file final_39.txt (compact mmCIF, C-alpha atoms)
# COMPACT_ATOMS: atom_id res chain seq x y z
CA MET A 1 -288.05 -1.19 84.82
CA ILE A 2 -290.44 1.73 84.34
CA PHE A 3 -287.44 4.08 84.25
CA TYR A 4 -285.94 2.21 81.30
CA LEU A 5 -289.22 2.19 79.39
CA LEU A 6 -289.69 5.89 80.04
CA LEU A 7 -286.12 6.57 78.97
CA PHE A 8 -286.56 4.50 75.80
CA CYS A 9 -289.75 6.41 75.00
CA LEU A 10 -288.06 9.74 75.69
CA LEU A 11 -285.10 8.91 73.49
CA SER A 12 -287.05 7.35 70.64
CA ASN A 13 -289.50 10.26 70.53
CA SER A 14 -286.63 12.72 70.41
CA MET A 15 -285.34 11.03 67.25
CA ILE A 16 -288.62 11.19 65.34
CA LEU A 17 -289.89 14.62 66.34
CA SER A 18 -289.69 17.30 63.69
CA VAL A 19 -286.68 19.50 64.26
CA SER A 20 -286.44 23.13 63.20
CA SER A 21 -283.65 24.16 60.83
CA GLU A 22 -282.43 26.69 63.41
CA SER A 23 -281.81 23.97 65.99
CA THR A 24 -279.88 21.85 63.50
CA LYS A 25 -277.60 24.47 61.96
CA ASP A 26 -274.53 22.86 63.59
CA CYS A 27 -275.76 19.32 63.00
CA PRO A 28 -273.44 16.96 61.09
CA ILE A 29 -276.42 15.12 59.58
CA ASP A 30 -279.96 15.98 58.59
CA PRO A 31 -281.95 14.55 61.56
CA PRO A 32 -285.37 14.41 59.91
CA ASN A 33 -283.87 12.26 57.14
CA PHE A 34 -281.67 10.05 59.31
CA ASP A 35 -283.67 7.01 60.39
CA ILE A 36 -281.29 5.08 62.63
CA SER A 37 -283.51 1.99 62.54
CA LYS A 38 -282.49 1.35 58.93
CA LYS A 39 -278.74 1.87 59.36
CA ILE A 40 -275.78 -0.41 59.87
CA ILE A 41 -273.72 1.00 62.73
CA CYS A 42 -270.19 -0.36 63.01
CA TYR A 43 -268.34 -0.24 66.32
CA TYR A 44 -264.76 1.05 66.10
CA GLN A 45 -262.68 0.76 69.27
CA GLY A 46 -259.87 2.97 68.05
CA ASN A 47 -256.24 2.60 68.98
CA LEU A 48 -255.85 -0.36 71.34
CA ASP A 49 -252.13 0.12 72.04
CA GLN A 50 -252.68 1.10 75.67
CA ILE A 51 -255.08 -1.77 76.39
CA LEU A 52 -253.57 -4.51 74.19
CA PRO A 53 -249.95 -3.72 73.30
CA GLY A 54 -248.87 -5.35 70.07
CA VAL A 55 -252.36 -5.55 68.54
CA GLN A 56 -252.37 -4.17 65.03
CA HIS A 57 -254.15 -0.83 64.77
CA LEU A 58 -257.11 -0.82 62.37
CA ASP A 59 -257.18 2.28 60.23
CA PRO A 60 -260.79 3.55 60.23
CA ARG A 61 -260.56 3.96 56.44
CA ASN A 62 -260.56 0.14 56.32
CA LEU A 63 -264.01 -0.12 57.90
CA PRO A 64 -266.51 -1.73 55.50
CA ASP A 65 -268.30 0.61 53.10
CA GLU A 66 -271.57 -0.94 54.33
CA CYS A 67 -271.18 0.95 57.62
CA ASP A 68 -273.73 3.75 57.45
CA ALA A 69 -272.56 5.15 60.79
CA ILE A 70 -269.66 4.57 63.19
CA CYS A 71 -269.85 4.09 66.95
CA TYR A 72 -266.44 5.20 68.18
CA GLY A 73 -265.35 3.97 71.60
CA SER A 74 -264.43 5.80 73.52
CA ILE A 75 -263.89 9.09 75.24
CA GLU A 76 -263.64 9.66 78.96
CA ILE A 77 -265.03 12.59 80.86
CA ASP A 78 -264.11 13.15 84.48
CA LYS A 79 -266.06 14.67 87.37
CA GLU A 80 -264.58 18.09 86.52
CA SER A 81 -266.05 17.73 82.99
CA VAL A 82 -262.64 17.39 81.35
CA ILE A 83 -262.69 15.21 78.23
CA ASN A 84 -259.88 12.77 77.48
CA VAL A 85 -259.81 11.54 73.88
CA ASP A 86 -257.32 10.40 71.26
CA GLY A 87 -257.92 13.41 69.01
CA ASN A 88 -256.05 12.01 66.01
CA THR A 89 -258.09 8.82 65.99
CA LEU A 90 -261.36 10.69 66.47
CA ASP A 91 -260.45 13.03 63.60
CA SER A 92 -259.68 10.06 61.34
CA VAL A 93 -263.10 8.57 62.16
CA THR A 94 -265.03 11.79 61.55
CA ALA A 95 -263.06 12.31 58.30
CA LEU A 96 -265.02 9.34 56.88
CA ASN A 97 -267.98 11.74 56.54
CA LYS A 98 -270.37 9.30 58.16
CA PRO A 99 -272.43 9.91 61.27
CA VAL A 100 -270.31 9.22 64.36
CA ILE A 101 -271.75 8.19 67.71
CA VAL A 102 -269.14 8.38 70.47
CA SER A 103 -269.15 6.13 73.52
CA VAL A 104 -268.74 8.23 76.65
CA GLU A 105 -267.65 6.81 79.96
CA ARG A 106 -266.82 8.52 83.20
CA ARG A 107 -263.17 8.30 84.16
CA GLU A 108 -264.41 7.34 87.63
CA LEU A 109 -266.83 4.82 86.07
CA TYR A 110 -270.15 4.35 87.92
CA SER A 111 -269.14 6.52 90.87
CA GLY A 112 -268.35 9.28 88.39
CA TRP A 113 -272.00 9.44 87.32
CA SER A 114 -273.01 9.51 90.96
CA ALA A 115 -270.68 12.47 91.54
CA VAL A 116 -271.92 14.65 88.64
CA LEU A 117 -275.64 13.98 88.26
CA THR A 118 -278.14 16.14 90.12
CA LYS A 119 -281.91 16.52 89.95
CA ASP A 120 -281.25 19.41 87.55
CA GLY A 121 -278.83 17.43 85.34
CA ASN A 122 -275.40 19.04 85.07
CA ALA A 123 -275.28 22.16 82.89
CA GLU A 124 -271.48 22.37 82.76
CA ASP A 125 -271.04 18.73 81.78
CA THR A 126 -273.76 18.75 79.13
CA GLN A 127 -272.54 22.06 77.66
CA ILE A 128 -269.02 20.64 77.30
CA LEU A 129 -270.36 17.51 75.58
CA CYS A 130 -272.56 19.62 73.29
CA ASP A 131 -269.68 21.92 72.34
CA PHE A 132 -267.42 18.91 71.80
CA ALA A 133 -270.01 17.33 69.47
CA LYS A 134 -270.26 20.51 67.40
CA GLN A 135 -266.49 20.98 67.29
CA HIS A 136 -265.80 17.39 66.20
CA ASN A 137 -268.82 16.75 63.96
CA ILE A 138 -270.29 14.12 66.31
CA THR A 139 -273.83 12.89 65.67
CA GLY A 140 -274.52 11.33 69.05
CA TYR A 141 -273.34 9.85 72.31
CA GLU A 142 -273.61 6.41 73.84
CA LEU A 143 -273.45 6.82 77.62
CA PHE A 144 -272.12 3.86 79.54
CA THR A 145 -270.63 2.65 82.84
CA LEU A 146 -274.12 3.13 84.26
CA VAL A 147 -273.98 0.03 86.45
CA PRO A 148 -272.01 -0.48 89.65
CA ARG A 149 -269.00 -2.74 89.91
CA ASP A 150 -269.25 -5.68 92.29
CA ASP A 151 -267.68 -3.61 95.06
CA GLU A 152 -270.10 -0.64 94.64
CA ASP A 153 -273.63 -0.12 95.91
CA VAL A 154 -276.49 0.90 93.62
CA ASP A 155 -277.08 4.66 93.56
CA LYS A 156 -280.74 5.06 92.62
CA ASN A 157 -280.17 8.76 92.03
CA ILE A 158 -278.23 7.92 88.88
CA THR A 159 -281.34 6.54 87.20
CA ILE A 160 -283.51 9.37 88.51
CA ASN A 161 -281.06 12.12 87.54
CA MET A 162 -280.08 10.70 84.16
CA ILE A 163 -283.35 11.88 82.58
CA PRO A 164 -282.77 15.60 83.39
CA TYR A 165 -279.16 15.19 82.21
CA ILE A 166 -280.26 13.77 78.85
CA LYS A 167 -283.02 16.36 78.46
CA GLN A 168 -280.49 19.09 79.16
CA LEU A 169 -278.06 17.68 76.60
CA LYS A 170 -280.85 17.36 74.00
CA LYS A 171 -282.02 20.92 74.66
CA MET A 172 -278.49 22.25 74.09
CA CYS A 173 -277.88 20.01 71.06
CA PRO A 174 -281.22 18.81 69.65
CA PHE A 175 -279.48 17.01 66.77
CA LEU A 176 -277.72 14.51 69.05
CA ILE A 177 -278.70 10.86 69.09
CA ILE A 178 -278.40 9.66 72.69
CA SER A 179 -278.22 6.03 73.74
CA LEU A 180 -277.57 4.35 77.07
CA LEU A 181 -275.62 1.14 77.39
CA ILE A 182 -277.17 -0.84 80.23
CA PRO A 183 -276.26 -4.51 80.47
CA ALA A 184 -279.30 -6.79 80.39
CA ILE A 185 -278.55 -8.25 83.82
CA PRO A 186 -281.68 -8.63 85.97
CA LYS A 187 -280.25 -7.01 89.11
CA TYR A 188 -279.37 -3.88 87.10
CA LEU A 189 -282.63 -3.71 85.18
CA SER A 190 -284.69 -3.94 88.36
CA ASN A 191 -282.79 -0.93 89.78
CA LYS A 192 -282.70 -2.65 93.16
CA ASP A 193 -279.86 -2.90 95.60
CA CYS A 194 -277.47 -5.63 94.53
CA LYS A 195 -276.26 -6.61 97.98
call {"tool": "encode", "arguments": {"input": "final_39.txt", "output": "structure tokens"}}
result
Amino acid sequence: MIFYLLLFCLLSNSMILSVSSESTKDCPIDPPNFDISKKIICYYQGNLDQILPGVQHLDPRNLPDECDAICYGSIEIDKESVINVDGNTLDSVTALNKPVIVSVERRELYSGWSAVLTKDGNAEDTQILCDFAKQHNITGYELFTLVPRDDEDVDKNITINMIPYIKQLKKMCPFLIISLLIPAIPKYLSNKDCK
């Protein structure tokens, strides 16, 4: 539980600290003037054809005007730091000229985080995500698949090594908003072995 409070403090402080203009030259928004606590963030899943064939595709231009920012789900990144994304859909979301937070999951899910995180973070992975954010006008990332499936054991190193990973990503791209999606399930929040 202390990890999650520390992480929340780390992330919230990073959003309210003053940021130099040099560190934000590639930033798609003006961080000192973007108070996320007063924004309506709309989740946009993107093209669901692969998951739910026959479901009508929602054009992102049809999202309500009241959406101050868009959380686009999702992109995958594998253990070799290769990003898989529907580029056309992402481009249509960023064309709305609103801040875009992209949900990032590991292709290998929970075990993927276990494979890439070290006590020093992962410079290659974070550099690729930083460059991708700059290239595609992305405001932030929501990191998820941070809990094991029922057939996986808890890897406590994920929680320990996530902080250096996030710090590394924020150092490379100080403008990024970073969030973690952790289900509010007691066995995950306690960071104890599930079995």
call {"tool": "closest_residue", "arguments": {"input": "final_39.txt", "among": "A:Ile77, A:Ile158, A:Ala95, A:Ala115", "to": "Leu129 (chain A)", "atoms": "all atoms listed in the file"}}
result
A:Ile77
call {"tool": "closest_residue", "arguments": {"input": "final_39.txt", "among": "A:Glu124, A:Cys42, A:Val104, A:Leu146", "to": "Ile178 (chain A)", "atoms": "all atoms listed in the file"}}
result
A:Val104
call {"tool": "atom_distance", "arguments": {"input": "final_39.txt", "atom1": "CA of Val55 (chain A)", "atom2": "CA of Glu76 (chain A)"}}
result
21.6 Å
call {"tool": "atom_distance", "arguments": {"input": "final_39.txt", "atom1": "CA of Asn157 (chain A)", "atom2": "CA of Lys170 (chain A)"}}
result
20.0 Å
call {"tool": "residues_around", "arguments": {"input": "final_39.txt", "residues": "Ile160 (chain A)", "least_positions_apart": "3", "cutoff": "10 Å", "atoms": "only C-alpha atoms", "output": "ChimeraX atom specification"}}
result
/A:3,117-119,121,155-157,163-165
call {"tool": "atom_distance", "arguments": {"input": "final_39.txt", "atom1": "CA of Asn47 (chain A)", "atom2": "CA of Asp86 (chain A)"}}
result
8.2 Å
call {"tool": "residues_around", "arguments": {"input": "final_39.txt", "residues": "region 59-75 of chain A", "least_positions_apart": "4", "cutoff": "10 Å", "atoms": "only C-alpha atoms", "output": "MDAnalysis selection string"}}
result
chainID A and resid 36 38:47 83:87 89:90 92:107 138:144
call {"tool": "build_atoms", "arguments": {"input": "final_39.txt", "residues": "region 103-118 of chain A", "atoms": "N, CA, C and O atoms", "output": "PDB file, in the frame of the given file"}}
result
ATOM      1  N   SER A 103    -268.904   6.718  72.208  1.00  0.00           N
ATOM      2  CA  SER A 103    -269.150   6.130  73.520  1.00  0.00           C
ATOM      3  C   SER A 103    -268.476   6.988  74.586  1.00  0.00           C
ATOM      4  O   SER A 103    -267.299   7.301  74.473  1.00  0.00           O
ATOM      5  N   VAL A 104    -269.243   7.369  75.582  1.00  0.00           N
ATOM      6  CA  VAL A 104    -268.740   8.230  76.650  1.00  0.00           C
ATOM      7  C   VAL A 104    -268.799   7.473  77.967  1.00  0.00           C
ATOM      8  O   VAL A 104    -269.856   6.965  78.347  1.00  0.00           O
ATOM      9  N   GLU A 105    -267.657   7.388  78.614  1.00  0.00           N
ATOM     10  CA  GLU A 105    -267.650   6.810  79.960  1.00  0.00           C
ATOM     11  C   GLU A 105    -267.031   7.807  80.923  1.00  0.00           C
ATOM     12  O   GLU A 105    -266.263   8.673  80.530  1.00  0.00           O
ATOM     13  N   ARG A 106    -267.413   7.683  82.170  1.00  0.00           N
ATOM     14  CA  ARG A 106    -266.820   8.520  83.200  1.00  0.00           C
ATOM     15  C   ARG A 106    -265.459   7.935  83.552  1.00  0.00           C
ATOM     16  O   ARG A 106    -265.313   6.716  83.637  1.00  0.00           O
ATOM     17  N   ARG A 107    -264.486   8.787  83.739  1.00  0.00           N
ATOM     18  CA  ARG A 107    -263.170   8.300  84.160  1.00  0.00           C
ATOM     19  C   ARG A 107    -263.290   7.532  85.467  1.00  0.00           C
ATOM     20  O   ARG A 107    -262.612   6.543  85.691  1.00  0.00           O
ATOM     21  N   GLU A 108    -264.196   7.982  86.337  1.00  0.00           N
ATOM     22  CA  GLU A 108    -264.410   7.340  87.630  1.00  0.00           C
ATOM     23  C   GLU A 108    -265.458   6.238  87.550  1.00  0.00           C
ATOM     24  O   GLU A 108    -265.947   5.757  88.570  1.00  0.00           O
ATOM     25  N   LEU A 109    -265.839   5.858  86.333  1.00  0.00           N
ATOM     26  CA  LEU A 109    -266.830   4.820  86.070  1.00  0.00           C
ATOM     27  C   LEU A 109    -268.164   5.145  86.730  1.00  0.00           C
ATOM     28  O   LEU A 109    -268.609   6.286  86.690  1.00  0.00           O
ATOM     29  N   TYR A 110    -268.814   4.170  87.335  1.00  0.00           N
ATOM     30  CA  TYR A 110    -270.150   4.350  87.920  1.00  0.00           C
ATOM     31  C   TYR A 110    -270.165   5.466  88.961  1.00  0.00           C
ATOM     32  O   TYR A 110    -271.061   6.308  88.969  1.00  0.00           O
ATOM     33  N   SER A 111    -269.169   5.487  89.831  1.00  0.00           N
ATOM     34  CA  SER A 111    -269.140   6.520  90.870  1.00  0.00           C
ATOM     35  C   SER A 111    -268.998   7.916  90.269  1.00  0.00           C
ATOM     36  O   SER A 111    -269.394   8.900  90.876  1.00  0.00           O
ATOM     37  N   GLY A 112    -268.451   7.993  89.073  1.00  0.00           N
ATOM     38  CA  GLY A 112    -268.350   9.280  88.390  1.00  0.00           C
ATOM     39  C   GLY A 112    -269.716   9.849  88.029  1.00  0.00           C
ATOM     40  O   GLY A 112    -269.956  11.049  88.153  1.00  0.00           O
ATOM     41  N   TRP A 113    -270.637   8.974  87.592  1.00  0.00           N
ATOM     42  CA  TRP A 113    -272.000   9.440  87.320  1.00  0.00           C
ATOM     43  C   TRP A 113    -272.657   9.906  88.614  1.00  0.00           C
ATOM     44  O   TRP A 113    -273.332  10.930  88.646  1.00  0.00           O
ATOM     45  N   SER A 114    -272.441   9.151  89.666  1.00  0.00           N
ATOM     46  CA  SER A 114    -273.010   9.510  90.960  1.00  0.00           C
ATOM     47  C   SER A 114    -272.538  10.888  91.403  1.00  0.00           C
ATOM     48  O   SER A 114    -273.297  11.664  91.972  1.00  0.00           O
ATOM     49  N   ALA A 115    -271.274  11.200  91.115  1.00  0.00           N
ATOM     50  CA  ALA A 115    -270.680  12.470  91.540  1.00  0.00           C
ATOM     51  C   ALA A 115    -271.193  13.676  90.748  1.00  0.00           C
ATOM     52  O   ALA A 115    -271.239  14.787  91.273  1.00  0.00           O
ATOM     53  N   VAL A 116    -271.591  13.488  89.480  1.00  0.00           N
ATOM     54  CA  VAL A 116    -271.920  14.650  88.640  1.00  0.00           C
ATOM     55  C   VAL A 116    -273.413  14.864  88.415  1.00  0.00           C
ATOM     56  O   VAL A 116    -273.819  15.971  88.080  1.00  0.00           O
ATOM     57  N   LEU A 117    -274.218  13.826  88.564  1.00  0.00           N
ATOM     58  CA  LEU A 117    -275.640  13.980  88.260  1.00  0.00           C
ATOM     59  C   LEU A 117    -276.402  14.572  89.433  1.00  0.00           C
ATOM     60  O   LEU A 117    -276.229  14.166  90.578  1.00  0.00           O
ATOM     61  N   THR A 118    -277.252  15.540  89.123  1.00  0.00           N
ATOM     62  CA  THR A 118    -278.140  16.140  90.120  1.00  0.00           C
ATOM     63  C   THR A 118    -279.565  16.104  89.579  1.00  0.00           C
ATOM     64  O   THR A 118    -279.779  15.788  88.414  1.00  0.00           O
TER      65      THR A 118
END
